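Q: As input, take upload.pdb (PDB, C-alpha atoms, pLDDT in the B column):
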MODEL        1
ATOM      1  CA  MET D 482      33.840  16.235 121.342  1.00 53.00           C
ATOM      2  CA  THR D 483      32.007  19.430 122.360  1.00 48.00           C
ATOM      3  CA  THR D 484      30.363  19.201 125.775  1.00 52.00           C
ATOM      4  CA  ALA D 485      27.353  21.088 127.109  1.00 50.00           C
ATOM      5  CA  GLY D 486      29.728  23.179 129.223  1.00 51.00           C
ATOM      6  CA  ASP D 487      31.708  24.208 126.139  1.00 51.00           C
ATOM      7  CA  TRP D 488      28.535  25.356 124.400  1.00 44.00           C
ATOM      8  CA  SER D 489      27.507  27.362 127.449  1.00 48.00           C
ATOM      9  CA  ARG D 490      30.857  29.157 127.566  1.00 48.00           C
ATOM     10  CA  ARG D 491      30.639  29.906 123.834  1.00 48.00           C
ATOM     11  CA  LEU D 492      27.153  31.390 124.238  1.00 43.00           C
ATOM     12  CA  ILE D 493      28.300  33.593 127.106  1.00 44.00           C
ATOM     13  CA  LEU D 494      31.284  34.908 125.110  1.00 42.00           C
ATOM     14  CA  ALA D 495      29.115  35.549 122.053  1.00 45.00           C
ATOM     15  CA  ALA D 496      26.566  37.467 124.144  1.00 45.00           C
ATOM     16  CA  ALA D 497      29.299  39.601 125.695  1.00 43.00           C
ATOM     17  CA  ALA D 498      30.753  40.410 122.272  1.00 41.00           C
ATOM     18  CA  PHE D 499      27.305  41.422 121.013  1.00 40.00           C
ATOM     19  CA  LEU D 500      26.717  43.760 123.957  1.00 39.00           C
ATOM     20  CA  LEU D 501      30.015  45.533 123.305  1.00 39.00           C
ATOM     21  CA  LEU D 502      28.793  46.384 119.810  1.00 39.00           C
ATOM     22  CA  LEU D 503      25.757  48.253 121.127  1.00 39.00           C
ATOM     23  CA  PRO D 504      26.237  52.088 121.197  1.00 37.00           C
ATOM     24  CA  TRP D 505      24.814  52.448 124.704  1.00 34.00           C
ATOM     25  CA  ALA D 506      27.243  49.853 126.045  1.00 34.00           C
ATOM     26  CA  ARG D 507      30.360  51.888 125.164  1.00 34.00           C
ATOM     27  CA  ALA D 508      31.410  54.724 127.435  1.00 38.00           C
ATOM     28  CA  GLU D 509      33.079  57.819 126.005  1.00 50.00           C
ATOM     29  CA  GLU D 510      36.779  57.069 125.990  1.00 58.00           C
ATOM     30  CA  THR D 511      39.318  59.422 127.547  1.00 58.00           C
ATOM     31  CA  PRO D 512      43.048  58.850 127.002  1.00 60.00           C
ATOM     32  CA  ALA D 513      44.826  57.556 130.077  1.00 62.00           C
ATOM     33  CA  PRO D 514      47.155  60.122 131.696  1.00 62.00           C
ATOM     34  CA  ALA D 515      50.805  59.441 130.923  1.00 56.00           C
ATOM     35  CA  HIS D 516      52.496  61.013 133.937  1.00 70.00           C
ATOM     36  CA  GLU D 517      52.034  62.515 137.375  1.00 86.00           C
ATOM     37  CA  LEU D 518      51.123  66.174 137.466  1.00 95.00           C
ATOM     38  CA  PRO D 519      52.891  68.861 139.499  1.00 96.00           C
ATOM     39  CA  ALA D 520      51.546  69.450 142.992  1.00 96.00           C
ATOM     40  CA  GLY D 521      48.294  71.384 142.946  1.00 97.00           C
ATOM     41  CA  PHE D 522      47.012  70.104 139.572  1.00 98.00           C
ATOM     42  CA  CYS D 523      44.580  67.396 138.486  1.00 97.00           C
ATOM     43  CA  TYR D 524      42.947  65.928 135.382  1.00 97.00           C
ATOM     44  CA  VAL D 525      39.428  67.301 134.968  1.00 98.00           C
ATOM     45  CA  HIS D 526      37.886  64.023 133.778  1.00 97.00           C
ATOM     46  CA  GLU D 527      38.900  62.415 137.079  1.00 96.00           C
ATOM     47  CA  ILE D 528      36.864  65.040 138.951  1.00 97.00           C
ATOM     48  CA  ILE D 529      33.969  65.358 136.456  1.00 98.00           C
ATOM     49  CA  PRO D 530      33.479  61.910 134.861  1.00 96.00           C
ATOM     50  CA  ASP D 531      30.864  63.046 132.308  1.00 97.00           C
ATOM     51  CA  VAL D 532      32.883  66.009 131.005  1.00 98.00           C
ATOM     52  CA  ILE D 533      33.240  66.176 127.211  1.00 98.00           C
ATOM     53  CA  LEU D 534      36.774  66.955 126.068  1.00 98.00           C
ATOM     54  CA  ASP D 535      37.269  68.694 122.726  1.00 98.00           C
ATOM     55  CA  ILE D 536      40.845  69.865 123.277  1.00 98.00           C
ATOM     56  CA  ARG D 537      41.419  71.798 120.072  1.00 98.00           C
ATOM     57  CA  TYR D 538      45.119  72.560 120.507  1.00 98.00           C
ATOM     58  CA  ALA D 539      46.002  68.864 120.614  1.00 98.00           C
ATOM     59  CA  GLY D 540      44.731  68.525 117.036  1.00 98.00           C
ATOM     60  CA  THR D 541      44.413  70.605 113.874  1.00 98.00           C
ATOM     61  CA  HIS D 542      40.955  72.183 114.274  1.00 98.00           C
ATOM     62  CA  ASN D 543      42.225  75.436 115.748  1.00 98.00           C
ATOM     63  CA  PHE D 544      43.172  78.893 114.498  1.00 98.00           C
ATOM     64  CA  VAL D 545      46.755  77.787 113.767  1.00 98.00           C
ATOM     65  CA  GLY D 546      45.758  74.639 111.869  1.00 98.00           C
ATOM     66  CA  ASP D 547      48.396  72.431 113.531  1.00 98.00           C
ATOM     67  CA  PRO D 548      48.859  70.664 116.886  1.00 98.00           C
ATOM     68  CA  ILE D 549      50.233  73.220 119.328  1.00 98.00           C
ATOM     69  CA  ASP D 550      53.523  72.928 121.205  1.00 98.00           C
ATOM     70  CA  GLY D 551      53.060  71.398 124.654  1.00 98.00           C
ATOM     71  CA  TYR D 552      49.863  69.464 123.819  1.00 98.00           C
ATOM     72  CA  GLU D 553      50.767  65.778 123.651  1.00 97.00           C
ATOM     73  CA  ALA D 554      47.279  64.422 124.477  1.00 96.00           C
ATOM     74  CA  PRO D 555      43.682  65.722 124.309  1.00 97.00           C
ATOM     75  CA  LEU D 556      43.333  66.125 128.069  1.00 98.00           C
ATOM     76  CA  ALA D 557      42.160  68.951 130.329  1.00 98.00           C
ATOM     77  CA  ILE D 558      44.218  69.884 133.398  1.00 98.00           C
ATOM     78  CA  LEU D 559      43.313  72.413 136.098  1.00 98.00           C
ATOM     79  CA  THR D 560      44.386  73.407 139.578  1.00 98.00           C
ATOM     80  CA  HIS D 561      42.520  71.550 142.319  1.00 98.00           C
ATOM     81  CA  GLU D 562      40.721  74.760 143.273  1.00 98.00           C
ATOM     82  CA  ALA D 563      39.502  75.447 139.735  1.00 98.00           C
ATOM     83  CA  ALA D 564      38.497  71.820 139.195  1.00 98.00           C
ATOM     84  CA  ARG D 565      36.423  71.763 142.394  1.00 98.00           C
ATOM     85  CA  ALA D 566      34.637  74.984 141.449  1.00 98.00           C
ATOM     86  CA  LEU D 567      34.035  73.681 137.925  1.00 98.00           C
ATOM     87  CA  SER D 568      32.662  70.431 139.358  1.00 98.00           C
ATOM     88  CA  GLU D 569      30.119  72.407 141.366  1.00 98.00           C
ATOM     89  CA  ALA D 570      29.120  74.307 138.226  1.00 98.00           C
ATOM     90  CA  ALA D 571      28.844  71.013 136.317  1.00 98.00           C
ATOM     91  CA  ASP D 572      26.539  69.653 139.028  1.00 98.00           C
ATOM     92  CA  GLU D 573      24.217  72.629 138.601  1.00 98.00           C
ATOM     93  CA  PHE D 574      24.277  72.398 134.810  1.00 98.00           C
ATOM     94  CA  ARG D 575      23.440  68.699 135.092  1.00 98.00           C
ATOM     95  CA  THR D 576      20.268  69.442 137.073  1.00 98.00           C
ATOM     96  CA  MET D 577      19.224  71.665 134.142  1.00 98.00           C
ATOM     97  CA  GLY D 578      19.860  68.928 131.598  1.00 98.00           C
ATOM     98  CA  TYR D 579      23.289  70.081 130.405  1.00 98.00           C
ATOM     99  CA  ARG D 580      26.878  68.841 130.385  1.00 98.00           C
ATOM    100  CA  ILE D 581      30.086  70.810 130.106  1.00 98.00           C
ATOM    101  CA  MET D 582      32.429  70.641 127.140  1.00 98.00           C
ATOM    102  CA  ILE D 583      36.041  71.837 127.460  1.00 98.00           C
ATOM    103  CA  PHE D 584      38.086  73.260 124.595  1.00 98.00           C
ATOM    104  CA  ASP D 585      41.133  74.211 126.676  1.00 98.00           C
ATOM    105  CA  ALA D 586      42.175  74.419 130.314  1.00 98.00           C
ATOM    106  CA  TYR D 587      45.769  74.589 131.579  1.00 98.00           C
ATOM    107  CA  ARG D 588      48.006  75.802 128.729  1.00 98.00           C
ATOM    108  CA  PRO D 589      51.793  75.409 128.698  1.00 98.00           C
ATOM    109  CA  GLN D 590      53.837  78.564 128.184  1.00 98.00           C
ATOM    110  CA  SER D 591      55.403  76.869 125.151  1.00 98.00           C
ATOM    111  CA  ALA D 592      51.944  76.935 123.516  1.00 98.00           C
ATOM    112  CA  VAL D 593      51.664  80.678 124.062  1.00 97.00           C
ATOM    113  CA  LYS D 594      55.042  81.147 122.398  1.00 97.00           C
ATOM    114  CA  HIS D 595      53.801  79.011 119.493  1.00 98.00           C
ATOM    115  CA  PHE D 596      50.777  81.306 119.073  1.00 97.00           C
ATOM    116  CA  VAL D 597      52.915  84.446 119.074  1.00 96.00           C
ATOM    117  CA  ARG D 598      55.382  82.905 116.630  1.00 97.00           C
ATOM    118  CA  TRP D 599      52.503  81.925 114.324  1.00 97.00           C
ATOM    119  CA  SER D 600      51.091  85.448 114.404  1.00 96.00           C
ATOM    120  CA  LYS D 601      54.285  86.741 112.789  1.00 95.00           C
ATOM    121  CA  ASP D 602      53.973  84.408 109.793  1.00 96.00           C
ATOM    122  CA  ALA D 603      51.919  86.578 107.443  1.00 94.00           C
ATOM    123  CA  LYS D 604      51.840  83.941 104.702  1.00 94.00           C
ATOM    124  CA  ASP D 605      50.025  81.272 106.714  1.00 96.00           C
ATOM    125  CA  LYS D 606      46.313  82.111 106.534  1.00 95.00           C
ATOM    126  CA  ARG D 607      44.917  78.581 106.302  1.00 96.00           C
ATOM    127  CA  MET D 608      42.380  79.056 109.096  1.00 98.00           C
ATOM    128  CA  GLN D 609      41.490  82.715 108.523  1.00 97.00           C
ATOM    129  CA  ALA D 610      38.008  82.163 107.079  1.00 97.00           C
ATOM    130  CA  GLU D 611      36.799  80.274 110.151  1.00 97.00           C
ATOM    131  CA  PHE D 612      38.629  81.938 113.025  1.00 98.00           C
ATOM    132  CA  TYR D 613      39.682  85.496 112.152  1.00 97.00           C
ATOM    133  CA  PRO D 614      37.923  86.714 108.980  1.00 96.00           C
ATOM    134  CA  GLU D 615      37.845  90.303 110.275  1.00 93.00           C
ATOM    135  CA  PHE D 616      41.657  90.534 110.448  1.00 95.00           C
ATOM    136  CA  LYS D 617      43.831  90.971 107.374  1.00 91.00           C
ATOM    137  CA  LYS D 618      46.973  91.131 109.524  1.00 94.00           C
ATOM    138  CA  LYS D 619      47.425  88.255 111.989  1.00 93.00           C
ATOM    139  CA  SER D 620      49.816  90.312 114.106  1.00 93.00           C
ATOM    140  CA  LEU D 621      46.852  92.425 115.205  1.00 94.00           C
ATOM    141  CA  LEU D 622      45.511  89.427 117.111  1.00 95.00           C
ATOM    142  CA  VAL D 623      48.359  89.921 119.582  1.00 94.00           C
ATOM    143  CA  ASP D 624      48.246  93.719 119.488  1.00 91.00           C
ATOM    144  CA  GLN D 625      44.508  93.745 120.270  1.00 91.00           C
ATOM    145  CA  GLY D 626      44.724  91.140 123.034  1.00 89.00           C
ATOM    146  CA  TYR D 627      43.051  88.172 121.376  1.00 92.00           C
ATOM    147  CA  ILE D 628      46.308  86.252 121.779  1.00 93.00           C
ATOM    148  CA  ALA D 629      47.937  86.952 125.140  1.00 91.00           C
ATOM    149  CA  ARG D 630      51.700  86.836 125.609  1.00 90.00           C
ATOM    150  CA  ASN D 631      51.081  85.982 129.280  1.00 91.00           C
ATOM    151  CA  SER D 632      47.967  83.821 129.411  1.00 95.00           C
ATOM    152  CA  ALA D 633      45.918  83.125 132.529  1.00 95.00           C
ATOM    153  CA  HIS D 634      45.614  79.577 131.192  1.00 98.00           C
ATOM    154  CA  CYS D 635      49.289  79.000 132.039  1.00 98.00           C
ATOM    155  CA  ARG D 636      48.449  79.433 135.734  1.00 98.00           C
ATOM    156  CA  GLY D 637      46.029  76.512 135.499  1.00 98.00           C
ATOM    157  CA  SER D 638      42.814  78.156 136.678  1.00 97.00           C
ATOM    158  CA  ALA D 639      41.337  79.379 133.383  1.00 98.00           C
ATOM    159  CA  ILE D 640      39.082  77.366 131.125  1.00 98.00           C
ATOM    160  CA  ASP D 641      37.590  77.654 127.629  1.00 98.00           C
ATOM    161  CA  MET D 642      34.263  75.852 127.550  1.00 98.00           C
ATOM    162  CA  THR D 643      30.642  75.597 126.528  1.00 98.00           C
ATOM    163  CA  ILE D 644      27.611  73.555 127.543  1.00 98.00           C
ATOM    164  CA  THR D 645      25.828  70.781 125.648  1.00 98.00           C
ATOM    165  CA  ASP D 646      22.632  68.805 125.966  1.00 97.00           C
ATOM    166  CA  LEU D 647      22.848  65.380 127.594  1.00 95.00           C
ATOM    167  CA  GLU D 648      23.647  63.819 124.211  1.00 96.00           C
ATOM    168  CA  GLY D 649      26.691  66.062 123.790  1.00 97.00           C
ATOM    169  CA  ILE D 650      25.236  68.516 121.255  1.00 98.00           C
ATOM    170  CA  PRO D 651      26.593  72.026 122.019  1.00 98.00           C
ATOM    171  CA  LEU D 652      24.178  74.887 122.588  1.00 98.00           C
ATOM    172  CA  ASP D 653      24.194  77.613 119.918  1.00 98.00           C
ATOM    173  CA  MET D 654      26.417  80.426 121.158  1.00 98.00           C
ATOM    174  CA  GLY D 655      26.484  82.472 117.954  1.00 98.00           C
ATOM    175  CA  THR D 656      30.118  81.755 117.043  1.00 98.00           C
ATOM    176  CA  GLY D 657      32.504  78.864 117.341  1.00 98.00           C
ATOM    177  CA  PHE D 658      35.269  78.617 119.927  1.00 98.00           C
ATOM    178  CA  ASP D 659      38.225  80.932 119.267  1.00 98.00           C
ATOM    179  CA  TYR D 660      36.362  83.188 116.857  1.00 98.00           C
ATOM    180  CA  PHE D 661      38.403  86.396 116.959  1.00 97.00           C
ATOM    181  CA  GLY D 662      35.980  89.262 116.480  1.00 95.00           C
ATOM    182  CA  LYS D 663      33.264  91.344 118.087  1.00 95.00           C
ATOM    183  CA  LEU D 664      30.569  88.758 117.394  1.00 97.00           C
ATOM    184  CA  ALA D 665      32.128  86.617 120.161  1.00 98.00           C
ATOM    185  CA  TRP D 666      31.910  89.421 122.739  1.00 97.00           C
ATOM    186  CA  HIS D 667      29.349  89.348 125.516  1.00 97.00           C
ATOM    187  CA  GLY D 668      26.506  91.687 124.529  1.00 95.00           C
ATOM    188  CA  ALA D 669      27.506  91.563 120.852  1.00 96.00           C
ATOM    189  CA  LYS D 670      25.185  92.953 118.201  1.00 93.00           C
ATOM    190  CA  GLY D 671      24.137  90.418 115.580  1.00 94.00           C
ATOM    191  CA  VAL D 672      23.617  87.615 118.111  1.00 97.00           C
ATOM    192  CA  THR D 673      20.099  86.180 118.311  1.00 98.00           C
ATOM    193  CA  PRO D 674      18.040  86.249 121.521  1.00 97.00           C
ATOM    194  CA  GLU D 675      18.469  82.458 121.859  1.00 98.00           C
ATOM    195  CA  GLN D 676      22.240  82.700 121.455  1.00 98.00           C
ATOM    196  CA  THR D 677      22.363  85.541 123.977  1.00 98.00           C
ATOM    197  CA  ALA D 678      20.293  83.505 126.447  1.00 98.00           C
ATOM    198  CA  ASN D 679      22.656  80.550 126.061  1.00 98.00           C
ATOM    199  CA  ARG D 680      25.697  82.756 126.697  1.00 98.00           C
ATOM    200  CA  ASN D 681      24.004  84.321 129.710  1.00 98.00           C
ATOM    201  CA  LEU D 682      23.137  80.897 131.132  1.00 98.00           C
ATOM    202  CA  LEU D 683      26.748  79.776 130.857  1.00 98.00           C
ATOM    203  CA  ARG D 684      27.961  83.007 132.405  1.00 98.00           C
ATOM    204  CA  SER D 685      25.487  83.104 135.288  1.00 98.00           C
ATOM    205  CA  VAL D 686      26.309  79.590 136.507  1.00 98.00           C
ATOM    206  CA  MET D 687      30.065  79.976 136.095  1.00 98.00           C
ATOM    207  CA  GLU D 688      30.128  83.311 137.943  1.00 98.00           C
ATOM    208  CA  LYS D 689      27.951  81.849 140.682  1.00 98.00           C
ATOM    209  CA  HIS D 690      30.656  79.261 141.302  1.00 98.00           C
ATOM    210  CA  GLY D 691      33.609  81.614 141.511  1.00 98.00           C
ATOM    211  CA  PHE D 692      34.683  82.256 137.925  1.00 98.00           C
ATOM    212  CA  LYS D 693      35.056  85.552 136.090  1.00 98.00           C
ATOM    213  CA  ALA D 694      34.040  85.987 132.453  1.00 98.00           C
ATOM    214  CA  PHE D 695      36.212  87.597 129.771  1.00 97.00           C
ATOM    215  CA  GLU D 696      34.121  90.184 127.931  1.00 96.00           C
ATOM    216  CA  HIS D 697      35.641  89.483 124.504  1.00 96.00           C
ATOM    217  CA  GLU D 698      35.273  85.690 124.567  1.00 97.00           C
ATOM    218  CA  TRP D 699      31.979  84.059 125.558  1.00 98.00           C
ATOM    219  CA  TRP D 700      33.817  80.742 126.246  1.00 98.00           C
ATOM    220  CA  HIS D 701      36.590  81.975 128.582  1.00 98.00           C
ATOM    221  CA  TYR D 702      36.336  81.818 132.399  1.00 98.00           C
ATOM    222  CA  ARG D 703      38.990  82.340 135.064  1.00 98.00           C
ATOM    223  CA  LEU D 704      38.797  81.368 138.721  1.00 98.00           C
ATOM    224  CA  VAL D 705      38.704  84.569 140.766  1.00 98.00           C
ATOM    225  CA  ASN D 706      40.785  83.183 143.639  1.00 97.00           C
ATOM    226  CA  GLU D 707      43.650  81.615 141.694  1.00 97.00           C
ATOM    227  CA  PRO D 708      46.155  79.609 143.772  1.00 98.00           C
ATOM    228  CA  PHE D 709      49.165  80.482 141.579  1.00 98.00           C
ATOM    229  CA  LYS D 710      50.527  83.837 140.469  1.00 96.00           C
ATOM    230  CA  ASN D 711      53.028  82.547 137.929  1.00 96.00           C
ATOM    231  CA  GLY D 712      52.596  80.372 134.854  1.00 97.00           C
ATOM    232  CA  PHE D 713      53.831  76.839 134.181  1.00 98.00           C
ATOM    233  CA  ASP D 714      55.299  75.039 131.185  1.00 97.00           C
ATOM    234  CA  PHE D 715      54.835  71.306 131.818  1.00 97.00           C
ATOM    235  CA  PRO D 716      53.223  69.448 128.871  1.00 97.00           C
ATOM    236  CA  VAL D 717      49.641  68.294 128.602  1.00 97.00           C
ATOM    237  CA  LYS D 718      49.976  64.516 128.381  1.00 95.00           C
TER     238      LYS D 718
ENDMDL
END
Can the structure from this file be put into structure tokens for me?
A:
Amino acid sequence: MTTAGDWSRRLILAAAAFLLLLPWARAEETPAPAHELPAGFCYVHEIIPDVILDIRYAGTHNFVGDPIDGYEAPLAILTHEAARALSEAADEFRTMGYRIMIFDAYRPQSAVKHFVRWSKDAKDKRMQAEFYPEFKKKSLLVDQGYIARNSAHCRGSAIDMTITDLEGIPLDMGTGFDYFGKLAWHGAKGVTPEQTANRNLLRSVMEKHGFKAFEHEWWHYRLVNEPFKNGFDFPVK
């Protein structure tokens, strides 16, 4: 026999299940960290809860077309110093109606070696049309500095990023992330006034909070006062 109490419990459970189906009731999910980080490092989403993570090297939407060595989870890691400075920048962006989106942060040295190894494989041009249409020879990406043999990312205080509206829609920056070519440079010809203004907004706030821009990549910023001089090779997981 079903009692009044049983019916009440059933109604409560049904209501809870219905609420979970509503889009606004589900928070953006971030994978749980799998291990403790070396001293001096932290996960960015633990410092900036509303950060949007689009960690390209943990998947296949990148200039290589494969998951990159050292990326075992789509997480962003930074030194404490860089994360604090980025948090301050995120606070300012938030007052303007924007959020930050991260494409890459700390990068293991094994990933850099993967990039260099890939650049020597002349036959693999799967991602050329999107990421490096101006280059017939992939090896030039290393020779011209688009792919660094010793990346600042390995020291944990560099970040590849953009800004979005509050719904997570990225601002138009004129090119996608990791576009290798002059159109991605600051001050590039062929970029619209709106795209230039968006790049300048990103740059002005990031430089205000202690980061330095890279002139050939609108998305790349490095903390001026880095805590480490040498790179690391622990995995992102």
Q: Env of Ser568 of chain D: 7 Å cut, atoms = all atoms listed in the file, seq-sep filter 4 positions within chain, self excluded. Answer as an MDAnalysis selection string.
A: chainID D and resid 528:529 564 572
Q: For a cut-off of 8 Å around (40.7, 92.2, 121.2), file coordinates, pick out all residues using all atoms listed in the file and list them as a list in words.
A: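 Nearby residues: Leu622, Asp624, Gln625, Gly626, Tyr627, Phe661, Gly662 and His697 of chain D.
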Q: Considering only C-alpha atoms, state which residue in the set D:Ala592, D:Ala669, D:Met654, D:Leu567 is at the smallest distance from Ile628 of chain D.
A: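 Ranking D:Ala592, D:Ala669, D:Met654, D:Leu567 by distance to Ile628 of chain D, first place goes to D:Ala592.
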Q: Pick from D:Lys718, D:His561, D:Glu527, D:Lys594: nearest to Ala629 of chain D, with all atoms listed in the file counted?
A: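 Checking each candidate against Ala629 of chain D, we get D:Lys594 as the closest.
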Q: The PyMOL selection byres ((chain D and resi 607-621) around 12) on the file shown: which residues, as a VMD selection string?
A: chain D and resid 541 to 547 596 to 606 622 to 629 656 to 665
Q: Determine the nearest neighbour of Pro716 of chain D from the options D:Gly551, D:Gly540, D:Pro530, D:Gly655, counting only C-alpha atoms.
A: D:Gly551
Q: State, in Å with one decimal place, the distance from atom CA of Thr560 of chain D to atom CA of Gly649 of chain D.
A: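 Taking atom CA of Thr560 of chain D and atom CA of Gly649 of chain D, their separation equals 24.8 Å.
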Q: Counting all atoms listed in the file, figure out which residue out of D:Met642, D:Asp550, D:Val705, D:Asp714 gets nearest to Arg680 of chain D.
A: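 Of all the options, D:Met642 lies closest to Arg680 of chain D.
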Q: When you count only C-alpha atoms, which of these residues is closest to Gly521 of chain D: D:His667, D:Arg575, D:Arg565, D:Arg630?
A: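 Between D:His667, D:Arg575, D:Arg565, D:Arg630, the residue approaching Gly521 of chain D most closely is D:Arg565.
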Q: Can you measure atom CA of Lys689 of chain D to atom CA of Ala563 of chain D for me? One decimal in Å is fine.
A: 13.2 Å
Q: What's around segment 553-558 of chain D at 7 Å? Count all atoms listed in the file, leave out sequence neighbours fewer than 6 positions away in its own chain, and write the answer as a VMD selection string.
A: chain D and resid 522 to 525 534 536 539 585 to 587 716 to 718
Q: May I ask you to restore N, CA and C atoms in segment 646-670 of chain D and write the result as an mmCIF file, in the frame of the given file?
A:
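Contents of result.cif, freshly written:
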data_model
loop_
_atom_site.group_PDB
_atom_site.id
_atom_site.type_symbol
_atom_site.label_atom_id
_atom_site.label_comp_id
_atom_site.auth_asym_id
_atom_site.auth_seq_id
_atom_site.Cartn_x
_atom_site.Cartn_y
_atom_site.Cartn_z
ATOM 1 N N ASP D 646 23.728 69.593 125.411
ATOM 2 C CA ASP D 646 22.632 68.805 125.966
ATOM 3 C C ASP D 646 23.202 67.476 126.472
ATOM 4 N N LEU D 647 22.361 66.624 127.000
ATOM 5 C CA LEU D 647 22.848 65.380 127.594
ATOM 6 C C LEU D 647 23.423 64.418 126.555
ATOM 7 N N GLU D 648 23.098 64.647 125.284
ATOM 8 C CA GLU D 648 23.647 63.819 124.211
ATOM 9 C C GLU D 648 24.979 64.350 123.689
ATOM 10 N N GLY D 649 25.407 65.500 124.206
ATOM 11 C CA GLY D 649 26.691 66.062 123.790
ATOM 12 C C GLY D 649 26.601 67.062 122.655
ATOM 13 N N ILE D 650 25.399 67.527 122.306
ATOM 14 C CA ILE D 650 25.236 68.516 121.255
ATOM 15 C C ILE D 650 25.385 69.910 121.863
ATOM 16 N N PRO D 651 26.369 70.704 121.417
ATOM 17 C CA PRO D 651 26.593 72.026 122.019
ATOM 18 C C PRO D 651 25.424 72.978 121.788
ATOM 19 N N LEU D 652 25.163 73.829 122.751
ATOM 20 C CA LEU D 652 24.178 74.887 122.588
ATOM 21 C C LEU D 652 24.720 75.920 121.601
ATOM 22 N N ASP D 653 23.818 76.599 120.910
ATOM 23 C CA ASP D 653 24.194 77.613 119.918
ATOM 24 C C ASP D 653 24.612 78.888 120.639
ATOM 25 N N MET D 654 25.888 79.234 120.507
ATOM 26 C CA MET D 654 26.417 80.426 121.158
ATOM 27 C C MET D 654 26.676 81.578 120.181
ATOM 28 N N GLY D 655 26.343 81.379 118.916
ATOM 29 C CA GLY D 655 26.484 82.472 117.954
ATOM 30 C C GLY D 655 27.762 82.454 117.159
ATOM 31 N N THR D 656 28.850 81.954 117.750
ATOM 32 C CA THR D 656 30.118 81.755 117.043
ATOM 33 C C THR D 656 30.740 80.467 117.558
ATOM 34 N N GLY D 657 31.740 79.986 116.850
ATOM 35 C CA GLY D 657 32.504 78.864 117.341
ATOM 36 C C GLY D 657 33.531 79.304 118.367
ATOM 37 N N PHE D 658 34.169 78.349 118.996
ATOM 38 C CA PHE D 658 35.269 78.617 119.927
ATOM 39 C C PHE D 658 36.431 79.262 119.175
ATOM 40 N N ASP D 659 37.068 80.225 119.817
ATOM 41 C CA ASP D 659 38.225 80.932 119.267
ATOM 42 C C ASP D 659 37.902 81.746 118.019
ATOM 43 N N TYR D 660 36.670 82.235 117.923
ATOM 44 C CA TYR D 660 36.362 83.188 116.857
ATOM 45 C C TYR D 660 36.871 84.555 117.319
ATOM 46 N N PHE D 661 37.815 85.109 116.591
ATOM 47 C CA PHE D 661 38.403 86.396 116.959
ATOM 48 C C PHE D 661 37.626 87.517 116.271
ATOM 49 N N GLY D 662 36.787 88.184 117.028
ATOM 50 C CA GLY D 662 35.980 89.262 116.480
ATOM 51 C C GLY D 662 34.884 89.658 117.446
ATOM 52 N N LYS D 663 34.243 90.778 117.164
ATOM 53 C CA LYS D 663 33.264 91.344 118.087
ATOM 54 C C LYS D 663 32.018 90.481 118.246
ATOM 55 N N LEU D 664 31.739 89.608 117.277
ATOM 56 C CA LEU D 664 30.569 88.758 117.394
ATOM 57 C C LEU D 664 30.685 87.791 118.570
ATOM 58 N N ALA D 665 31.911 87.521 119.028
ATOM 59 C CA ALA D 665 32.128 86.617 120.161
ATOM 60 C C ALA D 665 32.072 87.339 121.504
ATOM 61 N N TRP D 666 31.938 88.661 121.491
ATOM 62 C CA TRP D 666 31.910 89.421 122.739
ATOM 63 C C TRP D 666 30.573 89.220 123.447
ATOM 64 N N HIS D 667 30.598 89.310 124.758
ATOM 65 C CA HIS D 667 29.349 89.348 125.516
ATOM 66 C C HIS D 667 28.605 90.637 125.149
ATOM 67 N N GLY D 668 27.301 90.522 124.904
ATOM 68 C CA GLY D 668 26.506 91.687 124.529
ATOM 69 C C GLY D 668 26.681 92.101 123.080
ATOM 70 N N ALA D 669 27.236 91.216 122.245
ATOM 71 C CA ALA D 669 27.506 91.563 120.852
ATOM 72 C C ALA D 669 26.221 91.787 120.063
ATOM 73 N N LYS D 670 26.280 92.757 119.145
ATOM 74 C CA LYS D 670 25.185 92.953 118.201
ATOM 75 C C LYS D 670 25.284 91.865 117.132
#
